[in-house]
file work35.tsv (TSV, C-alpha atoms)
chain	number	residue	atom	x	y	z
Q	1	MET	CA	24.23	-17.78	37.40
Q	2	ILE	CA	25.00	-16.36	34.01
Q	3	ASN	CA	24.26	-18.59	31.06
Q	4	ASN	CA	25.40	-18.23	27.47
Q	5	ASP	CA	22.61	-18.35	24.90
Q	6	SER	CA	21.78	-16.55	21.72
Q	7	LYS	CA	18.03	-16.68	21.03
Q	8	THR	CA	14.96	-17.57	23.05
Q	9	ASN	CA	11.82	-19.13	21.62
Q	10	LYS	CA	8.97	-17.65	23.67
Q	11	LYS	CA	6.38	-20.26	22.70
Q	12	SER	CA	8.18	-23.33	23.97
Q	13	ASN	CA	10.50	-21.77	26.58
Q	14	GLN	CA	13.55	-23.06	24.71
Q	15	THR	CA	16.90	-21.48	23.98
Q	16	ILE	CA	18.46	-21.91	20.58
Q	17	CYS	CA	22.25	-22.04	20.70
Q	18	ASN	CA	24.24	-23.12	17.64
Q	19	ASN	CA	20.95	-24.09	15.96
Q	20	LYS	CA	20.17	-26.65	18.69
Q	21	PRO	CA	17.23	-26.12	21.05
Q	22	ILE	CA	18.03	-26.24	24.76
Q	23	LYS	CA	15.38	-26.19	27.48
Q	24	LEU	CA	15.65	-23.41	30.05
Q	25	ASP	CA	15.15	-23.86	33.76
Q	26	THR	CA	11.97	-22.08	34.73
Q	27	LYS	CA	13.06	-21.91	38.37
Q	28	LEU	CA	14.88	-18.77	39.37
Q	29	LYS	CA	17.86	-19.28	41.65
Q	30	ILE	CA	17.93	-17.04	44.67
Q	31	ILE	CA	21.69	-16.53	44.81
Q	32	SER	CA	24.44	-17.45	42.41
Q	33	THR	CA	28.10	-16.49	42.19
Q	34	LEU	CA	30.33	-14.56	39.80
Q	35	LYS	CA	32.84	-16.86	38.14
Q	36	LYS	CA	34.70	-14.99	35.40
Q	37	SER	CA	37.27	-12.25	35.99
Q	38	PHE	CA	35.61	-9.88	33.49
Q	39	GLU	CA	32.38	-10.09	35.51
Q	40	PHE	CA	34.28	-9.04	38.63
Q	41	ASP	CA	35.90	-6.22	36.63
Q	42	ILE	CA	32.54	-4.87	35.47
Q	43	VAL	CA	31.11	-4.81	39.00
Q	44	ILE	CA	34.23	-3.25	40.53
Q	45	LYS	CA	34.78	-0.60	37.83
Q	46	ASN	CA	31.15	0.43	37.38
Q	47	GLY	CA	29.55	-0.38	40.72
Q	48	ILE	CA	28.89	1.56	43.89
Q	49	ARG	CA	31.56	1.06	46.57
Q	50	VAL	CA	30.98	1.04	50.32
Q	51	ASN	CA	33.94	0.75	52.69
Q	52	LYS	CA	33.67	-0.59	56.21
Q	53	GLU	CA	36.42	-1.49	58.67
Q	54	LEU	CA	37.00	-5.04	57.50
Q	55	ILE	CA	34.89	-5.38	54.35
Q	56	VAL	CA	34.46	-3.53	51.06
Q	57	ILE	CA	31.28	-4.08	49.07
Q	58	TYR	CA	30.80	-3.23	45.39
Q	59	ALA	CA	27.28	-3.42	43.98
Q	60	ILE	CA	25.65	-2.91	40.61
Q	61	PRO	CA	22.06	-3.63	39.51
Q	62	LEU	CA	21.73	-6.77	37.41
Q	63	SER	CA	20.23	-4.81	34.52
Q	64	TYR	CA	23.42	-2.71	34.29
Q	65	LEU	CA	25.59	-5.81	34.52
Q	66	HIS	CA	23.62	-7.33	31.66
Q	67	ASN	CA	23.99	-4.13	29.60
Q	68	TYR	CA	27.76	-3.98	30.17
Q	69	LEU	CA	28.14	-7.63	29.16
Q	70	HIS	CA	26.07	-6.99	26.06
Q	71	LYS	CA	28.11	-3.88	25.15
Q	72	LYS	CA	31.40	-5.75	25.47
Q	73	ARG	CA	29.93	-8.48	23.26
Q	74	MET	CA	31.12	-11.19	25.61
Q	75	CYS	CA	28.09	-13.21	24.48
Q	76	PHE	CA	24.37	-12.94	24.93
Q	77	TYR	CA	23.91	-13.61	28.62
Q	78	THR	CA	20.76	-14.28	30.56
Q	79	ILE	CA	20.83	-13.87	34.30
Q	80	LYS	CA	18.84	-16.47	36.18
Q	81	SER	CA	19.06	-15.41	39.81
Q	82	CYS	CA	17.82	-12.73	42.16
Q	83	ASN	CA	21.29	-11.74	43.39
Q	84	ILE	CA	24.79	-12.59	42.25
Q	85	LEU	CA	27.66	-12.68	44.72
Q	86	GLY	CA	31.41	-12.58	44.16
Q	87	PHE	CA	34.05	-13.05	46.83
Q	88	SER	CA	37.62	-11.87	46.99
Q	89	ILE	CA	39.30	-13.20	50.12
Q	90	ASN	CA	43.09	-13.23	50.17
Q	91	LYS	CA	45.04	-16.16	51.60
Q	92	LYS	CA	46.56	-13.80	54.16
Q	93	VAL	CA	43.12	-13.24	55.72
Q	94	ALA	CA	42.87	-16.75	57.15
Q	95	LYS	CA	43.26	-20.43	56.37
Q	96	ALA	CA	40.93	-22.12	53.90
Q	97	HIS	CA	38.37	-23.40	56.41
Q	98	LYS	CA	37.96	-19.88	57.89
Q	99	ARG	CA	37.61	-18.32	54.43
Q	100	ASN	CA	34.95	-20.88	53.52
Q	101	LEU	CA	33.13	-20.21	56.80
Q	102	LEU	CA	33.14	-16.51	55.97
Q	103	LYS	CA	31.73	-17.17	52.49
Q	104	ARG	CA	28.98	-19.36	53.96
Q	105	ARG	CA	28.09	-16.66	56.49
Q	106	ILE	CA	27.87	-13.93	53.87
Q	107	LYS	CA	25.80	-16.19	51.59
Q	108	ALA	CA	23.44	-16.95	54.49
Q	109	ILE	CA	23.04	-13.25	55.29
Q	110	MET	CA	22.35	-12.39	51.65
Q	111	TYR	CA	19.94	-15.32	51.36
Q	112	GLN	CA	17.96	-14.02	54.35
Q	113	LEU	CA	17.88	-10.51	52.92
Q	114	THR	CA	16.79	-11.77	49.50
Q	115	ILE	CA	14.02	-13.97	50.91
Q	116	SER	CA	12.69	-11.05	52.96
Q	117	LYS	CA	12.80	-8.93	49.74
Q	118	TYR	CA	15.12	-6.43	51.40
Q	119	ILE	CA	17.46	-6.49	48.42
Q	120	ASN	CA	16.84	-7.93	44.94
Q	121	GLU	CA	18.44	-7.91	41.52
Q	122	TYR	CA	21.96	-6.81	42.38
Q	123	ALA	CA	25.44	-8.14	41.70
Q	124	PHE	CA	27.77	-7.83	44.70
Q	125	VAL	CA	31.51	-8.25	45.14
Q	126	PHE	CA	32.71	-8.67	48.73
Q	127	ILE	CA	36.37	-7.92	49.42
Q	128	CYS	CA	37.35	-9.06	52.90
Q	129	ARG	CA	40.26	-7.74	54.93
Q	130	LYS	CA	42.38	-9.33	57.62
Q	131	GLY	CA	40.60	-9.64	60.97
Q	132	ILE	CA	37.10	-10.24	59.60
Q	133	THR	CA	37.15	-13.88	60.73
Q	134	GLU	CA	36.98	-12.79	64.38
Q	135	LEU	CA	33.60	-11.09	63.86
Q	136	ASP	CA	30.47	-12.86	65.01
Q	137	PHE	CA	27.51	-13.48	62.70
Q	138	ASN	CA	25.24	-10.71	64.05
Q	139	TYR	CA	27.90	-8.01	63.85
Q	140	LEU	CA	28.76	-9.04	60.28
Q	141	ARG	CA	25.05	-9.03	59.40
Q	142	ASN	CA	24.63	-5.49	60.79
Q	143	GLN	CA	27.64	-4.27	58.81
Q	144	ILE	CA	26.26	-5.75	55.58
Q	145	ILE	CA	22.77	-4.32	56.16
Q	146	TYR	CA	24.26	-0.88	56.85
Q	147	SER	CA	26.30	-1.10	53.65
Q	148	ILE	CA	23.30	-2.19	51.58
Q	149	ASP	CA	21.28	0.74	52.93
Q	150	LYS	CA	24.06	3.07	51.78
Q	151	ILE	CA	24.11	1.39	48.37
Q	152	LYS	CA	20.36	1.80	47.97
Q	153	ASN	CA	20.53	5.48	48.93
Q	154	ASN	CA	23.50	6.28	46.69
Q	155	GLN	CA	22.45	4.27	43.65
Q	156	ASN	CA	20.57	7.01	41.80
Q	157	LYS	CA	23.11	9.70	42.73
Q	158	SER	CA	26.13	7.81	41.41
Q	159	ILE	CA	24.43	6.79	38.17
Q	160	LYS	CA	23.43	10.40	37.47
Q	161	THR	CA	26.93	11.72	38.17
Q	162	ARG	CA	28.50	9.07	35.92
Q	163	ASN	CA	26.19	10.01	33.07
Q	164	ASN	CA	26.91	13.71	33.56
Q	165	ASN	CA	30.67	13.08	33.55
Q	166	LYS	CA	30.42	11.17	30.27
Q	167	TYR	CA	28.57	14.04	28.64
Q	168	THR	CA	31.01	16.68	29.87
Q	169	LYS	CA	34.00	14.67	28.63
Q	170	ASN	CA	32.44	14.33	25.17
Q	171	ASN	CA	31.56	18.04	25.05
Q	172	ASN	CA	35.10	19.06	26.01
Q	173	LYS	CA	36.57	16.90	23.23
Q	174	THR	CA	34.29	18.39	20.60
Q	175	GLN	CA	35.03	21.95	21.71
Q	176	ARG	CA	38.80	21.42	21.43
Q	177	ASN	CA	38.57	20.05	17.89
call {"tool": "encode", "arguments": {"input": "work35.tsv", "output": "structure tokens"}}
result
Amino acid sequence: MINNDSKTNKKSNQTICNNKPIKLDTKLKIISTLKKSFEFDIVIKNGIRVNKELIVIYAIPLSYLHNYLHKKRMCFYTIKSCNILGFSINKKVAKAHKRNLLKRRIKAIMYQLTISKYINEYAFVFICRKGITELDFNYLRNQIIYSIDKIKNNQNKSIKTRNNNKYTKNNNKTQRN
């Protein structure tokens, strides 16, 4: 989960917000969820995308998410979980009980992968398409594992290309002026 705080006192493990000390939880949550629309926007616009038949997964490392939040000056955020998940499941996909079942399944899969240290410190957004509710648990798990492998392999490549594109855009602007 993402918490709003401004300063941390390292000696007493307290957070100072509006000049009032607040104790921090020393336990690290394994999985939490994205709540705010700007958090979804950051992951979708800046993350790595993997398309499968019935699911689209966007992922970004938590350190980058923290940096983007800090740059936008949304507040000083601290992230207190190993992975953060966000879900976008349209009402046309299925009724509410099926959508909730799908969320529970994806959370269980990600929990297993996080416990086994297969994937850590990422923010994910899962966009589900119509027909995904007919998939069984093992097939869905295999699809997610395949997508995460792709994300791990493409992470360094996409970050390098983004940085190169930023530099070339800036150089072109300066040459024109």
call {"tool": "atom_distance", "arguments": {"input": "work35.tsv", "atom1": "CA of Lys72 in chain Q", "atom2": "CA of Ile30 in chain Q"}}
result
26.0 Å
call {"tool": "closest_residue", "arguments": {"input": "work35.tsv", "among": "Q:Asn142, Q:Ser88, Q:Ser116, Q:Thr133", "to": "Leu101 in chain Q", "atoms": "all atoms listed in the file"}}
result
Q:Thr133
call {"tool": "atom_distance", "arguments": {"input": "work35.tsv", "atom1": "CA of Ile48 in chain Q", "atom2": "CA of Tyr64 in chain Q"}}
result
11.8 Å
call {"tool": "closest_residue", "arguments": {"input": "work35.tsv", "among": "Q:Lys130, Q:Lys71, Q:Ala59, Q:Ala94", "to": "Gly47 in chain Q", "atoms": "only C-alpha atoms"}}
result
Q:Ala59
call {"tool": "closest_residue", "arguments": {"input": "work35.tsv", "among": "Q:Phe126, Q:Phe40, Q:Tyr118, Q:Tyr68", "to": "Ile89 in chain Q", "atoms": "all atoms listed in the file"}}
result
Q:Phe126
call {"tool": "closest_residue", "arguments": {"input": "work35.tsv", "among": "Q:Ser32, Q:Glu134, Q:Asn51, Q:Asp41", "to": "Lys150 in chain Q", "atoms": "all atoms listed in the file"}}
result
Q:Asn51
